[in-house]
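Participant: I'd like to ask you about the structure that follows.
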Number of protein chains: 2
Amino acid sequence: MAVREGIRCGGRSARIQAEVHKAVKEMQAEAGRDEITVPAIAARAGVTPSTIYRRWGTLAELLADVAVERLRPIADPADTGSTQGDVEAWIEQYVDETASDVGKALLRDIFANAAGTNNPIQCCNFTRETLEVIRDRGVARGEAPLDIDEILDIVIAPIMYRILFQNTPPTAEECRKLLARVRSLPSLDTQMKSASLSA
Amino acid sequence: MAVREGIRCGGRSARIQAEVHKAVKEMQAEAGRDEITVPAIAARAGVTPSTIYRRWGTLAELLADVAVERLRPIADPADTGSTQGDVEAWIEQYVDETASDVGKALLRDIFANAAGTNNPIQCCNFTRETLEVIRDRGVARGEAPLDIDEILDIVIAPIMYRILFQNTPPTAEECRKLLARVRSLPSLDTQMKSASLSA
């Protein structure tokens, strides 16, 4: 009985979440940020404002929750045949998405309500999971494993710093220079060499 | 006459800014974030709420403005006698301050209202100006010039990424590892070698 009740609640709860998220996304596409209020979201989602306050606490928490969901990858990174090719292709897409107006607005929503939440960590985990797919695919091809922490430090971190703090996202050429720094590291040397030999 | 008027307005305007900033800082030290409202700040600063709205627009803009001022360096970085020593000492302090609860709250205030502002860029400029002091001091000593963009990419960016997205600020040992990556770059090689030879 407890289990059934749980399932029923979960179903209703999941439907409410889906409707409210959908309402927020539609309003973000149509309205200015100032027009997005809890009563307006509730009206569009067909729930009461108190349902939203009970579940998310504040508008900021709801917007951060929606932002995390929108940053969740919807597909595996492209398989180009080599670790280096996979990383390069994915980095290009990552910069485009993160540096877009929508991408920057999602990051703002996440940091505006970051205190005591795991939302920023969740963003990093999405990046990590994508890199794990690339690493594991490379290992299955016989390449040396990609060092994910080094990619985060040497490539992802400066991309994010330039977008957030310098408002100058790196060009494709600058991304290749960042990746070249990784290539010179001993742990990636073998793999990158084998990738360039096979290219 | 126009000039005088400008000066008089500037003086009054600067006093209002100082009083309002002081009120915000006192309330941040005492009250929870939810209790900091424009009417409460206005009452403490001895101005009307409309003065604050006219000048800053929203509470978020005011908090971001205060945050930028609080992140402005108040002193030159310590002079340890070598570029490498100066960078190491300053990085340790930078991590401590940025990863503190206060530091993270200031960054949140800045990003919560980053759209259309230069506030995040101003943060990066503070870092850049500090590194310029260290670079110029090194050059005056006869050391090769510090490559500031490389320090931003290789050391500052991963520190910020770890604090913002991983909630695990680097340890002193990890900071030294990040700095060691800079040392291996040709452009910094000479300077770092001369620094370690003179140590």
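Ordered as shown in the structure tokens, chains take letters A, B, and onward, while each chain numbers its residues from 1 and ligands are numbered from 1 in the order shown.
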With a cut-off of 10 Å, could you pull out the residues of chain B touching chain A and give me the nearest pair of atoms for each, distance in Å to one decimal, using only C-alpha atoms, ordered by chain and ascending number, as CSV?
Facilitator:
```
residue,atom,partner,partner_atom,distance
B:Ala60,CA,A:Ala112,CA,9.7
B:Asp101,CA,A:Ala115,CA,9.2
B:Lys104,CA,A:Ala115,CA,8.4
B:Ala105,CA,A:Ala115,CA,7.7
B:Leu107,CA,A:Phe111,CA,8.3
B:Arg108,CA,A:Phe111,CA,5.5
B:Asp109,CA,A:Ala112,CA,6.9
B:Ile110,CA,A:Ala112,CA,8.6
B:Phe111,CA,A:Arg108,CA,5.6
B:Ala112,CA,A:Ala112,CA,4.3
B:Asn113,CA,A:Arg108,CA,7.7
B:Ala114,CA,A:Arg108,CA,7.3
B:Ala115,CA,A:Ala105,CA,7.7
B:Asn118,CA,A:Asn167,CA,8.8
B:Asn119,CA,A:Phe165,CA,8.4
B:Pro120,CA,A:Phe165,CA,4.8
B:Ile121,CA,A:Phe165,CA,4.9
B:Gln122,CA,A:Phe165,CA,8.0
B:Cys123,CA,A:Phe165,CA,7.0
B:Cys124,CA,A:Phe165,CA,5.8
B:Asn125,CA,A:Gln166,CA,8.7
B:Glu150,CA,A:Pro158,CA,9.8
B:Leu152,CA,A:Pro158,CA,7.6
B:Asp153,CA,A:Pro158,CA,4.9
B:Ile154,CA,A:Ile154,CA,6.3
B:Val155,CA,A:Asp153,CA,8.5
B:Ile156,CA,A:Pro158,CA,8.4
B:Ala157,CA,A:Pro158,CA,5.0
B:Pro158,CA,A:Asp153,CA,4.9
B:Ile159,CA,A:Ala157,CA,8.3
B:Met160,CA,A:Tyr161,CA,7.5
B:Tyr161,CA,A:Ala157,CA,5.4
B:Arg162,CA,A:Ala157,CA,8.3
B:Ile163,CA,A:Pro120,CA,9.8
B:Leu164,CA,A:Pro120,CA,6.8
B:Phe165,CA,A:Pro120,CA,4.8
B:Gln166,CA,A:Ile121,CA,5.1
B:Asn167,CA,A:Ile121,CA,7.1
B:Thr168,CA,A:Ile121,CA,9.9
B:Leu178,CA,A:Asp153,CA,8.7
B:Arg181,CA,A:Leu185,CA,9.2
B:Ser184,CA,A:Ser184,CA,10.0
B:Leu185,CA,A:Arg181,CA,9.1
```
Participant: Write out as a PyMOL selection string each polymer residue whose atoms come within 12 Å of Ala40 of chain A, counting only C-alpha atoms; drop sequence neighbours fewer than 6 positions from it.
Facilitator: chain A and resi 20+23-24+26-28+31+33-34+46-49+52+59
Participant: When you look at Asp136 of chain B with a cut-off of 12 Å (counting only C-alpha atoms), what residues show up, excluding the ones that are within fewer than 2 positions of it in the same chain? I need them as a JSON list (two decimals) with all heavy atoms, in the first residue's frame.
Facilitator:
```json
[["chain", "number", "residue", "atom", "x", "y", "z"],
["B", 77, "PRO", "N", 49.35, 43.33, -3.95],
["B", 77, "PRO", "CA", 49.76, 42.00, -3.50],
["B", 77, "PRO", "C", 51.13, 42.07, -2.79],
["B", 77, "PRO", "O", 51.93, 42.95, -3.09],
["B", 77, "PRO", "CB", 49.85, 41.20, -4.80],
["B", 77, "PRO", "CG", 50.03, 42.22, -5.88],
["B", 77, "PRO", "CD", 49.30, 43.44, -5.42],
["B", 79, "ASP", "N", 54.88, 41.72, -1.65],
["B", 79, "ASP", "CA", 56.13, 41.65, -2.41],
["B", 79, "ASP", "C", 57.06, 40.65, -1.71],
["B", 79, "ASP", "O", 57.61, 40.92, -0.65],
["B", 79, "ASP", "CB", 56.77, 43.04, -2.47],
["B", 79, "ASP", "CG", 58.01, 43.05, -3.37],
["B", 79, "ASP", "OD1", 58.52, 41.96, -3.70],
["B", 79, "ASP", "OD2", 58.45, 44.15, -3.72],
["B", 82, "SER", "N", 60.14, 37.70, -5.57],
["B", 82, "SER", "CA", 60.19, 37.06, -6.89],
["B", 82, "SER", "C", 58.78, 36.96, -7.46],
["B", 82, "SER", "O", 57.79, 36.92, -6.71],
["B", 82, "SER", "CB", 60.78, 35.64, -6.81],
["B", 82, "SER", "OG", 59.85, 34.76, -6.24],
["B", 83, "THR", "N", 58.69, 36.91, -8.79],
["B", 83, "THR", "CA", 57.38, 36.80, -9.44],
["B", 83, "THR", "C", 56.66, 35.53, -8.97],
["B", 83, "THR", "O", 55.49, 35.56, -8.62],
["B", 83, "THR", "CB", 57.55, 36.76, -10.98],
["B", 83, "THR", "OG1", 58.21, 37.96, -11.38],
["B", 83, "THR", "CG2", 56.21, 36.67, -11.67],
["B", 86, "ASP", "N", 55.43, 35.95, -5.45],
["B", 86, "ASP", "CA", 54.30, 36.88, -5.41],
["B", 86, "ASP", "C", 53.01, 36.21, -5.89],
["B", 86, "ASP", "O", 51.95, 36.36, -5.28],
["B", 86, "ASP", "CB", 54.57, 38.10, -6.31],
["B", 86, "ASP", "CG", 55.62, 39.04, -5.72],
["B", 86, "ASP", "OD1", 56.18, 38.72, -4.65],
["B", 86, "ASP", "OD2", 55.87, 40.10, -6.34],
["B", 129, "GLU", "N", 44.44, 43.44, -12.83],
["B", 129, "GLU", "CA", 45.23, 44.57, -12.31],
["B", 129, "GLU", "C", 46.22, 44.11, -11.23],
["B", 129, "GLU", "O", 47.36, 44.58, -11.18],
["B", 129, "GLU", "CB", 44.29, 45.65, -11.73],
["B", 129, "GLU", "CG", 43.57, 46.44, -12.82],
["B", 129, "GLU", "CD", 42.32, 47.17, -12.32],
["B", 129, "GLU", "OE1", 42.19, 47.37, -11.09],
["B", 129, "GLU", "OE2", 41.47, 47.53, -13.16],
["B", 130, "THR", "N", 45.80, 43.19, -10.40],
["B", 130, "THR", "CA", 46.70, 42.65, -9.38],
["B", 130, "THR", "C", 47.87, 41.93, -10.03],
["B", 130, "THR", "O", 49.03, 42.10, -9.64],
["B", 130, "THR", "CB", 45.93, 41.68, -8.45],
["B", 130, "THR", "OG1", 44.89, 42.42, -7.80],
["B", 130, "THR", "CG2", 46.85, 41.06, -7.42],
["B", 131, "LEU", "N", 47.57, 41.12, -11.06],
["B", 131, "LEU", "CA", 48.63, 40.39, -11.75],
["B", 131, "LEU", "C", 49.56, 41.34, -12.50],
["B", 131, "LEU", "O", 50.76, 41.08, -12.63],
["B", 131, "LEU", "CB", 48.02, 39.35, -12.70],
["B", 131, "LEU", "CG", 47.33, 38.17, -11.99],
["B", 131, "LEU", "CD1", 46.50, 37.34, -12.97],
["B", 131, "LEU", "CD2", 48.38, 37.27, -11.31],
["B", 132, "GLU", "N", 49.01, 42.48, -12.96],
["B", 132, "GLU", "CA", 49.86, 43.48, -13.62],
["B", 132, "GLU", "C", 50.87, 44.08, -12.64],
["B", 132, "GLU", "O", 52.02, 44.33, -12.99],
["B", 132, "GLU", "CB", 48.99, 44.58, -14.25],
["B", 132, "GLU", "CG", 48.36, 44.14, -15.56],
["B", 132, "GLU", "CD", 47.27, 45.10, -16.06],
["B", 132, "GLU", "OE1", 46.98, 46.10, -15.36],
["B", 132, "GLU", "OE2", 46.71, 44.83, -17.13],
["B", 133, "VAL", "N", 50.42, 44.30, -11.40],
["B", 133, "VAL", "CA", 51.34, 44.81, -10.38],
["B", 133, "VAL", "C", 52.49, 43.81, -10.18],
["B", 133, "VAL", "O", 53.67, 44.18, -10.15],
["B", 133, "VAL", "CB", 50.60, 45.05, -9.03],
["B", 133, "VAL", "CG1", 51.60, 45.36, -7.91],
["B", 133, "VAL", "CG2", 49.58, 46.17, -9.18],
["B", 134, "ILE", "N", 52.13, 42.52, -10.09],
["B", 134, "ILE", "CA", 53.15, 41.48, -9.89],
["B", 134, "ILE", "C", 54.08, 41.41, -11.11],
["B", 134, "ILE", "O", 55.30, 41.33, -10.97],
["B", 134, "ILE", "CB", 52.47, 40.11, -9.63],
["B", 134, "ILE", "CG1", 51.75, 40.15, -8.28],
["B", 134, "ILE", "CG2", 53.48, 38.97, -9.70],
["B", 134, "ILE", "CD1", 50.94, 38.90, -7.96],
["B", 138, "GLY", "N", 58.09, 42.32, -11.24],
["B", 138, "GLY", "CA", 59.06, 41.33, -11.71],
["B", 138, "GLY", "C", 59.95, 41.89, -12.80],
["B", 138, "GLY", "O", 61.17, 41.68, -12.80],
["B", 139, "VAL", "N", 59.34, 42.62, -13.74],
["B", 139, "VAL", "CA", 60.12, 43.20, -14.84],
["B", 139, "VAL", "C", 61.14, 44.18, -14.28],
["B", 139, "VAL", "O", 62.31, 44.20, -14.71],
["B", 139, "VAL", "CB", 59.17, 43.88, -15.87],
["B", 139, "VAL", "CG1", 59.96, 44.72, -16.86],
["B", 139, "VAL", "CG2", 58.34, 42.82, -16.59],
["B", 140, "ALA", "N", 60.73, 44.97, -13.27],
["B", 140, "ALA", "CA", 61.66, 45.94, -12.66],
["B", 140, "ALA", "C", 62.83, 45.23, -11.98],
["B", 140, "ALA", "O", 63.93, 45.77, -11.89],
["B", 140, "ALA", "CB", 60.91, 46.82, -11.65],
["B", 141, "ARG", "N", 62.59, 43.99, -11.53],
["B", 141, "ARG", "CA", 63.66, 43.18, -10.93],
["B", 141, "ARG", "C", 64.54, 42.52, -11.99],
["B", 141, "ARG", "O", 65.51, 41.85, -11.65],
["B", 141, "ARG", "CB", 63.06, 42.03, -10.10],
["B", 141, "ARG", "CG", 62.49, 42.39, -8.77],
["B", 141, "ARG", "CD", 62.16, 41.06, -8.06],
["B", 141, "ARG", "NE", 61.10, 41.22, -7.11],
["B", 141, "ARG", "CZ", 59.84, 40.80, -7.27],
["B", 141, "ARG", "NH1", 59.51, 40.15, -8.38],
["B", 141, "ARG", "NH2", 58.96, 41.01, -6.35],
["B", 142, "GLY", "N", 64.10, 42.59, -13.26],
["B", 142, "GLY", "CA", 64.86, 41.94, -14.32],
["B", 142, "GLY", "C", 64.32, 40.58, -14.70],
["B", 142, "GLY", "O", 64.92, 39.86, -15.51],
["B", 143, "GLU", "N", 63.14, 40.18, -14.15],
["B", 143, "GLU", "CA", 62.55, 38.90, -14.52],
["B", 143, "GLU", "C", 61.79, 39.05, -15.84],
["B", 143, "GLU", "O", 61.37, 40.15, -16.20],
["B", 143, "GLU", "CB", 61.60, 38.43, -13.42],
["B", 143, "GLU", "CG", 62.30, 38.16, -12.09],
["B", 143, "GLU", "CD", 61.32, 37.64, -11.05],
["B", 143, "GLU", "OE1", 60.89, 36.50, -11.18],
["B", 143, "GLU", "OE2", 61.00, 38.39, -10.11],
["B", 144, "ALA", "N", 61.58, 37.92, -16.54],
["B", 144, "ALA", "CA", 60.75, 37.95, -17.75],
["B", 144, "ALA", "C", 59.32, 38.29, -17.35],
["B", 144, "ALA", "O", 58.87, 37.93, -16.26],
["B", 144, "ALA", "CB", 60.80, 36.60, -18.45],
["B", 145, "PRO", "N", 58.58, 38.97, -18.24],
["B", 145, "PRO", "CA", 57.22, 39.39, -17.86],
["B", 145, "PRO", "C", 56.26, 38.21, -17.70],
["B", 145, "PRO", "O", 56.24, 37.30, -18.54],
["B", 145, "PRO", "CB", 56.79, 40.30, -19.00],
["B", 145, "PRO", "CG", 57.66, 39.95, -20.16],
["B", 145, "PRO", "CD", 58.95, 39.47, -19.59],
["B", 146, "LEU", "N", 55.49, 38.24, -16.64],
["B", 146, "LEU", "CA", 54.43, 37.25, -16.40],
["B", 146, "LEU", "C", 53.41, 37.35, -17.53],
["B", 146, "LEU", "O", 53.01, 38.44, -17.92],
["B", 146, "LEU", "CB", 53.75, 37.61, -15.07],
["B", 146, "LEU", "CG", 52.74, 36.63, -14.49],
["B", 146, "LEU", "CD1", 53.44, 35.35, -14.02],
["B", 146, "LEU", "CD2", 52.01, 37.27, -13.31],
["B", 147, "ASP", "N", 53.00, 36.20, -18.07],
["B", 147, "ASP", "CA", 51.96, 36.18, -19.11],
["B", 147, "ASP", "C", 50.60, 36.10, -18.42],
["B", 147, "ASP", "O", 50.15, 35.04, -18.00],
["B", 147, "ASP", "CB", 52.19, 34.99, -20.05],
["B", 147, "ASP", "CG", 51.22, 35.00, -21.23],
["B", 147, "ASP", "OD1", 50.09, 35.52, -21.07],
["B", 147, "ASP", "OD2", 51.61, 34.51, -22.30],
["B", 148, "ILE", "N", 49.93, 37.25, -18.31],
["B", 148, "ILE", "CA", 48.72, 37.33, -17.50],
["B", 148, "ILE", "C", 47.57, 36.50, -18.06],
["B", 148, "ILE", "O", 46.86, 35.82, -17.33],
["B", 148, "ILE", "CB", 48.32, 38.81, -17.31],
["B", 148, "ILE", "CG1", 49.38, 39.48, -16.42],
["B", 148, "ILE", "CG2", 46.93, 38.94, -16.69],
["B", 148, "ILE", "CD1", 49.23, 40.97, -16.28]]
```
Participant: Atom CA of Leu179 of chain A to atom CA of Ser100 of chain A: how many Å, to one decimal?
Facilitator: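 The value is 21.4 Å.
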Participant: Using the chain letters and numbers from this document, which residues of segment 143-173 of chain B does DSSP assign to alpha helix (DSSP H), as a VMD selection string?
Facilitator: chain B and resid 148 to 151 157 to 161 172 to 173
Participant: Looking at only C-alpha atoms, which of B:Val87, B:Leu63, B:Ala99, B:Ala14 is the one that sits closest to Pro169 of chain B?
Facilitator: B:Ala99
Participant: Just how far from atom CA of Ala29 of chain B is atom CA of Thr58 of chain A, in Å to one decimal?
Facilitator: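 Value for the atom CA of Thr58 of chain A-atom CA of Ala29 of chain B distance: 22.9 Å.
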Participant: Using only C-alpha atoms for the distances, tell me which of B:Ala172, B:Val95, B:Ile36, B:Val182 is nearest to Asp149 of chain B.
Facilitator: B:Val182
